[in-house]
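Colleague: First, the structure itself, so that you have it in front of you.
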Amino acid sequence: MAKKKKIVVKIGSSLLANSEKLTLRYAFLNGLLSDLAQLQKEGHDIILTSSGSVALGLNMVGKRPEDAGILDKQAAAACGQPLLMNAYRQVASEHDMEVAQMLVTVEDMEERRRFLNIKNTMLRLFENDIMPIINENDSVATRDLRVGDNDRLSAKVAQMVQADLLVILTSVEGLYDRDPSDPDAVFISEIEDVTEHLESTTGISALGSGGMLTKMQAANMAQNAGVETIIAEGIIERPVSSVLKNERRYTRCLVTGEKASPLKVWLSNRLQVAGTLVISNEVAAAVIAGDCGITRSDVISIQGDFTKGDVLHVYTEDGDEVARGLTNFSSEETMLVARHLDMPVEDLIGYKTKSDIIAAENILVLEENHLQHDAPEDDQKIVVQL
Ligand SMILES: Nc1ncnc2c1ncn2[C@@H]1O[C@H](COP(=O)(O)OP(=O)(O)O)[C@@H](O)[C@H]1O
Ligand SMILES: N[C@@H](CCC(=O)OP(=O)(O)O)C(=O)O
């Protein structure tokens with residue numbers, strides 16, 4: 001048998017729901033699960049990231065996709081998710097497959113302990129050949145704290161389980177050099193650096209959330225994690241195995257470069273910013289050169305209300321994000337120890353700890369192919385020039 005693979009498959013709303021009636025497309029679901037059941041029998045571990053709860057719940061809350069606000073969508077997700085899972089369960093059982101639901105939020109994925117716990121649950125499900133079906137817990141996620149699209153969520157899942165492949169199934173054959181509604185659009189079958197293609201991706205299908213842009217962002221996250229991404233059309237016979245057997249065209253985002261450690265990958269693929277540090281350009285150059293942590297005397301200003309163990313984004317004075325790392329101090333402690341350089345850390349915060357704000361082993365230096373966050377506006381809870 002060919003090598004057993006861990007494959008994350010992402011299904012967009014436009015595949016699962018009929019855009020006019022907002023009802024489930026059973027024929028699609030049946031074809032998909034028949035294909036996945038076969039792959040499972042061949043020994044592969046499959047994880048599904050499935051959208052569709054909002055689209056399938058909109059009828060119950062009396063809204064159309066184009067006029068539904070965020071609260072309508074959260075209510076629709078609460079109505080649609082059980083419909084979606086019920087359908088998955090029924091159809092899966094016709095193919096002798098067991099499925100399980102996991103609903104997660106961005107906080108679950110970005111808090112290290114919860115992230116590892118989700119991973120362990122998934123690995124436990126694999127032991128019993130149960131396919132996890134993941135979706136964002138849309139009804140509880142707050143406006144500012146949402147993954148917002150399942151493309152990036154699926155990349156986080158692929159990173160979490162160190163998948164061999166991420167397959168994003170959607171309503172188009174893959175990436176084009178511009179919106180494919182333009183008749184001159186040219187198909188792109190292979191991509192080395194996805195960051196070069198972010199500009200060409202405006203426009204979404206009637207039910208989709210992020211269009212091709214979030215698929216490219218997801219492919220970038222997967223690339224950072226050493227996972228290859230395939231973007232392919234979903235409404236097709238054997239939608240996943242036809243890709244694995246190279247029977248049709250699709251876009252393949254290659255993995256280049258060395259695979260980073262799981263901690264460094266987790267640091268690189270952030271969707272939320274807990275806090276930021278600004279350091280001088282000289283200190284930044286030393287951090288980039290490697291092997292040095294960020295000490296309290298390096299900090300020029302801090303932003304955010306963070307706690308020990310949060311991931312901080314590190315910027316130069318020019319506003320360029322250069323690194324990310326796990327902080328040893330809360331924002332209040334950072335302020336205190338950085339302001340009173342003449343006093344021992346222990347005297348200031350009341351307990352013994354390592355004195356680096358971020359230790360060298362917990363820093364990830366961002367390379368050019370990492371998507372960077374823009375430097376935040378000065379409107380976060382705490383902004384302190386030191
Ligand atoms: N450069 C591009 N290449 C391919 N598709 C694109 C591009 N720019 C925009 N799109 C649009 O992205 C849409 C797919 O994304 P989306 O609607 O979010 O799907 P899904 O529901 O599967 O996540 C397609 O309908 C397509 O028109
Ligand atoms: N969590 C939402 C899906 C959000 C989303 O990313 O949708 P899509 O762009 O269709 O994959 C839902 O279940 O409706």
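As shown in the structure tokens, the chain order sets the letters A, B, ...; within each chain, residues go from 1, and ligands are also counted from 1 in the order they appear.
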Output as a tab-separated table one row per residue of chain A within 9 Å of ligand 1: the closest atom pair and its distance in Å to one decimal place, counting only C-alpha atoms and all ligand atoms, sorted by chain and residue number ascending.

Modeller:
residue	atom	partner	partner_atom_place_in_ligand_line	distance
A:Lys10	CA	ligand 1	22 (O)	8.3
A:Ile11	CA	ligand 1	22 (O)	6.4
A:Gly12	CA	ligand 1	22 (O)	3.5
A:Ser13	CA	ligand 1	21 (O)	4.4
A:Ser14	CA	ligand 1	21 (O)	4.4
A:Leu15	CA	ligand 1	22 (O)	6.6
A:Leu16	CA	ligand 1	21 (O)	8.7
A:Ser51	CA	ligand 1	21 (O)	7.6
A:Gly52	CA	ligand 1	21 (O)	8.5
A:Asp149	CA	ligand 1	23 (O)	7.6
A:Asn150	CA	ligand 1	23 (O)	7.3
A:Asp151	CA	ligand 1	23 (O)	6.7
A:Ile168	CA	ligand 1	22 (O)	7.7
A:Leu169	CA	ligand 1	22 (O)	6.2
A:Thr170	CA	ligand 1	22 (O)	3.6
A:Ser171	CA	ligand 1	22 (O)	5.5
A:Val172	CA	ligand 1	24 (C)	5.6
A:Glu173	CA	ligand 1	4 (C)	7.5
A:Gly174	CA	ligand 1	4 (C)	5.6
A:Leu175	CA	ligand 1	3 (N)	3.8
A:Tyr176	CA	ligand 1	3 (N)	3.9
A:Asp177	CA	ligand 1	1 (N)	5.1
A:Arg178	CA	ligand 1	1 (N)	3.9
A:Asp179	CA	ligand 1	8 (N)	3.7
A:Pro180	CA	ligand 1	4 (C)	5.6
A:Ser181	CA	ligand 1	27 (O)	6.3
A:Ala185	CA	ligand 1	1 (N)	7.9
A:Val186	CA	ligand 1	3 (N)	8.8
A:Phe187	CA	ligand 1	3 (N)	7.8
A:Ile188	CA	ligand 1	3 (N)	8.5
A:His197	CA	ligand 1	1 (N)	7.9
A:Leu198	CA	ligand 1	1 (N)	8.4
A:Glu199	CA	ligand 1	1 (N)	8.3
A:Ser200	CA	ligand 1	1 (N)	4.9
A:Thr201	CA	ligand 1	8 (N)	3.6
A:Thr202	CA	ligand 1	9 (C)	4.5
A:Gly203	CA	ligand 1	9 (C)	4.2
A:Ile204	CA	ligand 1	17 (O)	3.8
A:Ser205	CA	ligand 1	17 (O)	3.5
A:Ala206	CA	ligand 1	17 (O)	6.5
A:Leu207	CA	ligand 1	21 (O)	5.9
A:Gly208	CA	ligand 1	21 (O)	3.5
A:Ser209	CA	ligand 1	18 (O)	4.6
A:Gly210	CA	ligand 1	18 (O)	4.5
A:Gly211	CA	ligand 1	18 (O)	3.2
A:Met212	CA	ligand 1	12 (O)	4.3
A:Leu213	CA	ligand 1	8 (N)	7.1
A:Thr214	CA	ligand 1	18 (O)	7.5
A:Lys215	CA	ligand 1	23 (O)	7.5
A:Glu233	CA	ligand 1	22 (O)	8.6
A:Gly234	CA	ligand 1	22 (O)	8.4

Colleague: If you take only C-alpha atoms and a cut-off of 12 Å, which residues of stretch 106-214 of chain A touch stretch 323-337 of chain A, and what are their nearest atom pairs and distances in Å to one decimal, in chain and number order, as CSV?

Modeller:
residue,atom,partner,partner_atom,distance
A:Glu110,CA,A:Leu326,CA,11.8
A:Glu111,CA,A:Leu326,CA,11.1
A:Arg112,CA,A:Leu326,CA,10.3

Colleague: Using only C-alpha atoms, can you tell me which of A:Leu83, A:Val278, A:Ile46, A:Ile302 comes closest to A:Leu24?

Modeller: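 Looking at the shortest contact to A:Leu24, the residue is A:Leu83.
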
Colleague: List every residue of stretch 8-217 of chain A that DSSP, applied to the backbone of this structure, places in strand (DSSP E), and write the result as an NGL selection string.

Modeller: :A and (8-11 or 45-50 or 98-104 or 130-136 or 165-170 or 175-176 or 187-188 or 190-191)

Colleague: Go ahead and save the picked residues with N, CA and C atoms, as a CSV table (one decimal), in the first residue's frame.

Modeller:
chain,number,residue,atom,x,y,z
A,8,VAL,N,-6.0,16.8,5.4
A,8,VAL,CA,-7.1,17.7,5.9
A,8,VAL,C,-7.9,18.1,4.6
A,9,VAL,N,-9.2,18.0,4.7
A,9,VAL,CA,-10.0,18.4,3.5
A,9,VAL,C,-10.9,19.5,4.0
A,10,LYS,N,-10.9,20.6,3.2
A,10,LYS,CA,-11.8,21.7,3.6
A,10,LYS,C,-12.9,21.9,2.5
A,11,ILE,N,-14.1,21.9,3.0
A,11,ILE,CA,-15.3,22.0,2.2
A,11,ILE,C,-15.9,23.4,2.3
A,45,ASP,N,-5.6,8.9,7.2
A,45,ASP,CA,-6.4,9.6,8.2
A,45,ASP,C,-6.9,10.8,7.6
A,46,ILE,N,-8.2,11.0,7.7
A,46,ILE,CA,-8.9,12.2,7.1
A,46,ILE,C,-9.5,13.0,8.1
A,47,ILE,N,-9.3,14.3,8.0
A,47,ILE,CA,-10.0,15.3,8.9
A,47,ILE,C,-10.7,16.2,7.9
A,48,LEU,N,-12.0,16.5,8.3
A,48,LEU,CA,-12.8,17.4,7.4
A,48,LEU,C,-12.9,18.7,8.2
A,49,THR,N,-12.7,19.8,7.5
A,49,THR,CA,-13.1,21.1,8.0
A,49,THR,C,-14.2,21.5,7.1
A,50,SER,N,-15.4,21.6,7.7
A,50,SER,CA,-16.6,21.8,6.9
A,50,SER,C,-17.3,23.1,7.3
A,98,GLU,N,-17.6,6.5,10.6
A,98,GLU,CA,-18.0,7.1,11.8
A,98,GLU,C,-17.5,8.6,11.8
A,99,VAL,N,-18.3,9.5,12.2
A,99,VAL,CA,-17.8,10.9,12.2
A,99,VAL,C,-18.0,11.5,13.6
A,100,ALA,N,-17.3,12.6,13.9
A,100,ALA,CA,-17.4,13.3,15.2
A,100,ALA,C,-17.3,14.8,14.9
A,101,GLN,N,-18.0,15.5,15.8
A,101,GLN,CA,-18.0,17.0,15.6
A,101,GLN,C,-17.0,17.7,16.5
A,102,MET,N,-16.2,18.6,16.0
A,102,MET,CA,-15.4,19.4,16.9
A,102,MET,C,-15.6,20.9,16.5
A,103,LEU,N,-16.1,21.7,17.5
A,103,LEU,CA,-16.3,23.1,17.2
A,103,LEU,C,-15.2,23.9,18.0
A,104,VAL,N,-14.5,24.8,17.3
A,104,VAL,CA,-13.4,25.5,17.9
A,104,VAL,C,-13.5,27.0,17.7
A,130,ILE,N,-12.4,7.3,13.5
A,130,ILE,CA,-13.5,8.2,13.4
A,130,ILE,C,-13.0,9.5,12.8
A,131,MET,N,-13.8,10.0,11.8
A,131,MET,CA,-13.3,11.2,11.1
A,131,MET,C,-13.8,12.4,11.8
A,132,PRO,N,-12.9,13.3,12.3
A,132,PRO,CA,-13.3,14.5,12.9
A,132,PRO,C,-13.8,15.5,11.9
A,133,ILE,N,-15.0,16.2,12.2
A,133,ILE,CA,-15.5,17.2,11.3
A,133,ILE,C,-15.4,18.5,12.1
A,134,ILE,N,-14.6,19.4,11.6
A,134,ILE,CA,-14.3,20.7,12.4
A,134,ILE,C,-15.0,21.9,11.8
A,135,ASN,N,-15.5,22.7,12.6
A,135,ASN,CA,-16.0,24.0,12.2
A,135,ASN,C,-15.7,25.0,13.2
A,136,GLU,N,-15.8,26.3,12.8
A,136,GLU,CA,-15.6,27.3,13.9
A,136,GLU,C,-16.9,27.4,14.7
A,165,LEU,N,-1.0,16.7,3.7
A,165,LEU,CA,-1.7,17.5,2.6
A,165,LEU,C,-2.9,18.2,3.1
A,166,LEU,N,-3.1,19.4,2.6
A,166,LEU,CA,-4.3,20.2,2.8
A,166,LEU,C,-5.0,20.3,1.5
A,167,VAL,N,-6.3,19.8,1.4
A,167,VAL,CA,-7.0,19.9,0.1
A,167,VAL,C,-8.2,20.8,0.4
A,168,ILE,N,-8.2,22.0,-0.3
A,168,ILE,CA,-9.3,22.9,-0.2
A,168,ILE,C,-10.2,22.8,-1.4
A,169,LEU,N,-11.4,22.3,-1.1
A,169,LEU,CA,-12.3,22.1,-2.3
A,169,LEU,C,-13.3,23.3,-2.3
A,170,THR,N,-13.5,23.8,-3.5
A,170,THR,CA,-14.3,25.0,-3.7
A,170,THR,C,-15.0,25.0,-5.0
A,175,LEU,N,-6.5,28.4,-8.5
A,175,LEU,CA,-6.2,29.9,-8.6
A,175,LEU,C,-5.9,30.3,-10.0
A,176,TYR,N,-6.5,31.5,-10.3
A,176,TYR,CA,-6.2,32.1,-11.6
A,176,TYR,C,-5.5,33.4,-11.4
A,187,PHE,N,-5.1,30.2,-15.7
A,187,PHE,CA,-5.0,29.2,-14.6
A,187,PHE,C,-3.6,29.1,-14.1
A,188,ILE,N,-3.4,29.0,-12.8
A,188,ILE,CA,-2.1,28.8,-12.3
A,188,ILE,C,-2.0,27.4,-11.6
A,190,GLU,N,0.8,25.7,-10.4
A,190,GLU,CA,1.8,25.4,-9.3
A,190,GLU,C,2.3,26.8,-8.8
A,191,ILE,N,2.4,26.8,-7.4
A,191,ILE,CA,2.9,28.1,-6.8
A,191,ILE,C,4.0,27.8,-5.8

Colleague: I need the alpha helix (DSSP H) residues of stretch 94-188 of chain A per DSSP on the backbone, written as number ranges by chain.

Modeller: A: 94, 106-110, 112-127, 150-160

Colleague: Can you work out which one of A:Asn86, A:Thr105, A:Gln40, A:Thr276 has the shortest atom-to-atom distance to ligand 2, counting only C-alpha atoms and all ligand atoms?

Modeller: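 For ligand 2, the nearest of the candidates is A:Thr105.
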
Colleague: May I ask for the distance between atom CA of A:Leu366 and atom CA of A:Lys308, given in Å to one decimal place?

Modeller: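 Separation of atom CA of A:Leu366 and atom CA of A:Lys308: 21.5 Å.
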
Colleague: With only C-alpha atoms as the basis for distance, which of A:Ala77, A:Ala87, A:Met160, A:Ala338 is at the shortest distance from A:Asn117?

Modeller: A:Met160

Colleague: For stretch 279-293 of chain A, work out the shell of residues within 9 Å, counting only C-alpha atoms and skipping chain neighbours fewer than 3 positions away, then give it as number ranges by chain.

Modeller: A: 298-301, 314-318, 322-323, 356-363, 365-366

Colleague: Which residue gives the smallest distance to A:Ala155 among A:Leu39, A:Ile7, A:Leu123, A:Val91, with only C-alpha atoms counted?

Modeller: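 Selected residue with least distance to A:Ala155: A:Ile7.
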
Colleague: Could you give me, as an MDAnalysis selection string, the residues within 10 Å of A:Trp266, counting only C-alpha atoms and dropping anything in the same chain fewer than 4 positions from it?

Modeller: chainID A and resid 109:112 115 156 159:160 221 224:225 260:262 270 311 364

Colleague: Could you give me, as a PyMOL selection string, the residues within 9 Å of A:Ala163, counting only C-alpha atoms and dropping anything in the same chain fewer than 4 positions from it?

Modeller: chain A and resi 5-8+157-159+226-228

Colleague: Keeping only C-alpha atoms, take the residues you just selected and write them out as a short mmCIF file (atom, residue, chain, number, x, y, z; two decimals), in the first residue's frame.

Modeller:
data_model
loop_
_atom_site.label_atom_id
_atom_site.label_comp_id
_atom_site.auth_asym_id
_atom_site.auth_seq_id
_atom_site.Cartn_x
_atom_site.Cartn_y
_atom_site.Cartn_z
CA LYS A 5 -1.23 10.02 4.71
CA LYS A 6 -2.83 12.50 7.06
CA ILE A 7 -5.09 14.61 4.85
CA VAL A 8 -7.10 17.66 5.88
CA VAL A 157 -5.71 22.10 11.73
CA ALA A 158 -3.22 20.85 9.11
CA GLN A 159 -0.42 22.48 11.09
CA GLY A 226 5.67 22.33 5.78
CA VAL A 227 2.27 21.20 4.49
CA GLU A 228 1.45 21.21 0.78
#

Colleague: Could you pull the residues within 8 Å of stretch 58-68 of chain A, counting only C-alpha atoms, minus those fewer than 2 positions along the same chain, as an NGL selection string?

Modeller: :A and (22 or 54-56 or 70-73 or 75-77 or 79-80 or 206-207)

Colleague: Next, dump the selected residues to file, keeping only N, CA and C atoms, as a PDB file, in the first residue's frame.

Modeller:
ATOM      1  N   LEU A  22     -30.856  27.561  -0.233  1.00  0.00           N
ATOM      2  CA  LEU A  22     -30.106  27.428   1.026  1.00  0.00           C
ATOM      3  C   LEU A  22     -30.411  26.083   1.703  1.00  0.00           C
ATOM      4  N   VAL A  54     -23.807  28.337   8.584  1.00  0.00           N
ATOM      5  CA  VAL A  54     -24.512  29.620   8.407  1.00  0.00           C
ATOM      6  C   VAL A  54     -25.476  29.506   7.223  1.00  0.00           C
ATOM      7  N   ALA A  55     -24.950  29.046   6.090  1.00  0.00           N
ATOM      8  CA  ALA A  55     -25.790  28.958   4.881  1.00  0.00           C
ATOM      9  C   ALA A  55     -27.027  28.102   5.143  1.00  0.00           C
ATOM     10  N   LEU A  56     -26.858  26.982   5.834  1.00  0.00           N
ATOM     11  CA  LEU A  56     -27.985  26.065   6.049  1.00  0.00           C
ATOM     12  C   LEU A  56     -28.948  26.541   7.133  1.00  0.00           C
ATOM     13  N   ILE A  70     -23.911  40.128  11.337  1.00  0.00           N
ATOM     14  CA  ILE A  70     -23.103  39.173  12.103  1.00  0.00           C
ATOM     15  C   ILE A  70     -23.951  38.374  13.097  1.00  0.00           C
ATOM     16  N   LEU A  71     -24.896  39.060  13.774  1.00  0.00           N
ATOM     17  CA  LEU A  71     -25.737  38.338  14.760  1.00  0.00           C
ATOM     18  C   LEU A  71     -26.654  37.332  14.079  1.00  0.00           C
ATOM     19  N   ASP A  72     -27.192  37.728  12.905  1.00  0.00           N
ATOM     20  CA  ASP A  72     -28.033  36.794  12.138  1.00  0.00           C
ATOM     21  C   ASP A  72     -27.224  35.552  11.794  1.00  0.00           C
ATOM     22  N   LYS A  73     -25.952  35.780  11.413  1.00  0.00           N
ATOM     23  CA  LYS A  73     -25.115  34.644  11.002  1.00  0.00           C
ATOM     24  C   LYS A  73     -24.797  33.755  12.194  1.00  0.00           C
ATOM     25  N   ALA A  75     -26.680  33.320  14.809  1.00  0.00           N
ATOM     26  CA  ALA A  75     -27.907  32.572  15.105  1.00  0.00           C
ATOM     27  C   ALA A  75     -28.119  31.485  14.054  1.00  0.00           C
ATOM     28  N   ALA A  76     -27.845  31.844  12.784  1.00  0.00           N
ATOM     29  CA  ALA A  76     -28.006  30.868  11.696  1.00  0.00           C
ATOM     30  C   ALA A  76     -27.062  29.680  11.913  1.00  0.00           C
ATOM     31  N   ALA A  77     -25.833  29.971  12.371  1.00  0.00           N
ATOM     32  CA  ALA A  77     -24.867  28.885  12.609  1.00  0.00           C
ATOM     33  C   ALA A  77     -25.397  27.931  13.675  1.00  0.00           C
ATOM     34  N   CYS A  79     -28.454  27.270  14.244  1.00  0.00           N
ATOM     35  CA  CYS A  79     -29.528  26.455  13.640  1.00  0.00           C
ATOM     36  C   CYS A  79     -28.963  25.461  12.619  1.00  0.00           C
ATOM     37  N   GLY A  80     -27.990  25.917  11.848  1.00  0.00           N
ATOM     38  CA  GLY A  80     -27.511  25.107  10.726  1.00  0.00           C
ATOM     39  C   GLY A  80     -26.534  24.001  11.114  1.00  0.00           C
ATOM     40  N   ALA A 206     -21.444  33.343  -3.967  1.00  0.00           N
ATOM     41  CA  ALA A 206     -22.605  33.864  -3.235  1.00  0.00           C
ATOM     42  C   ALA A 206     -22.590  33.495  -1.750  1.00  0.00           C
ATOM     43  N   LEU A 207     -22.095  32.311  -1.399  1.00  0.00           N
ATOM     44  CA  LEU A 207     -22.149  31.870  -0.002  1.00  0.00           C
ATOM     45  C   LEU A 207     -20.800  31.888   0.709  1.00  0.00           C
TER      46      LEU A 207
END

Colleague: For atom 2 (C, counted along the ligand's line) of ligand 2 and atom CA of A:Leu36, quote the distance in Å rounded to one decimal.

Modeller: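 Separating atom 2 (C, counted along the ligand's line) of ligand 2 from atom CA of A:Leu36 is a distance of 21.3 Å.
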
Colleague: Can you work out which one of A:Ser242, A:Ser297, A:Gln74, A:Gln217 has the shortest atom-to-atom distance to ligand 2, counting only C-alpha atoms and all ligand atoms?

Modeller: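 Using only C-alpha atoms and all ligand atoms, ligand 2 sits closest to A:Gln74.
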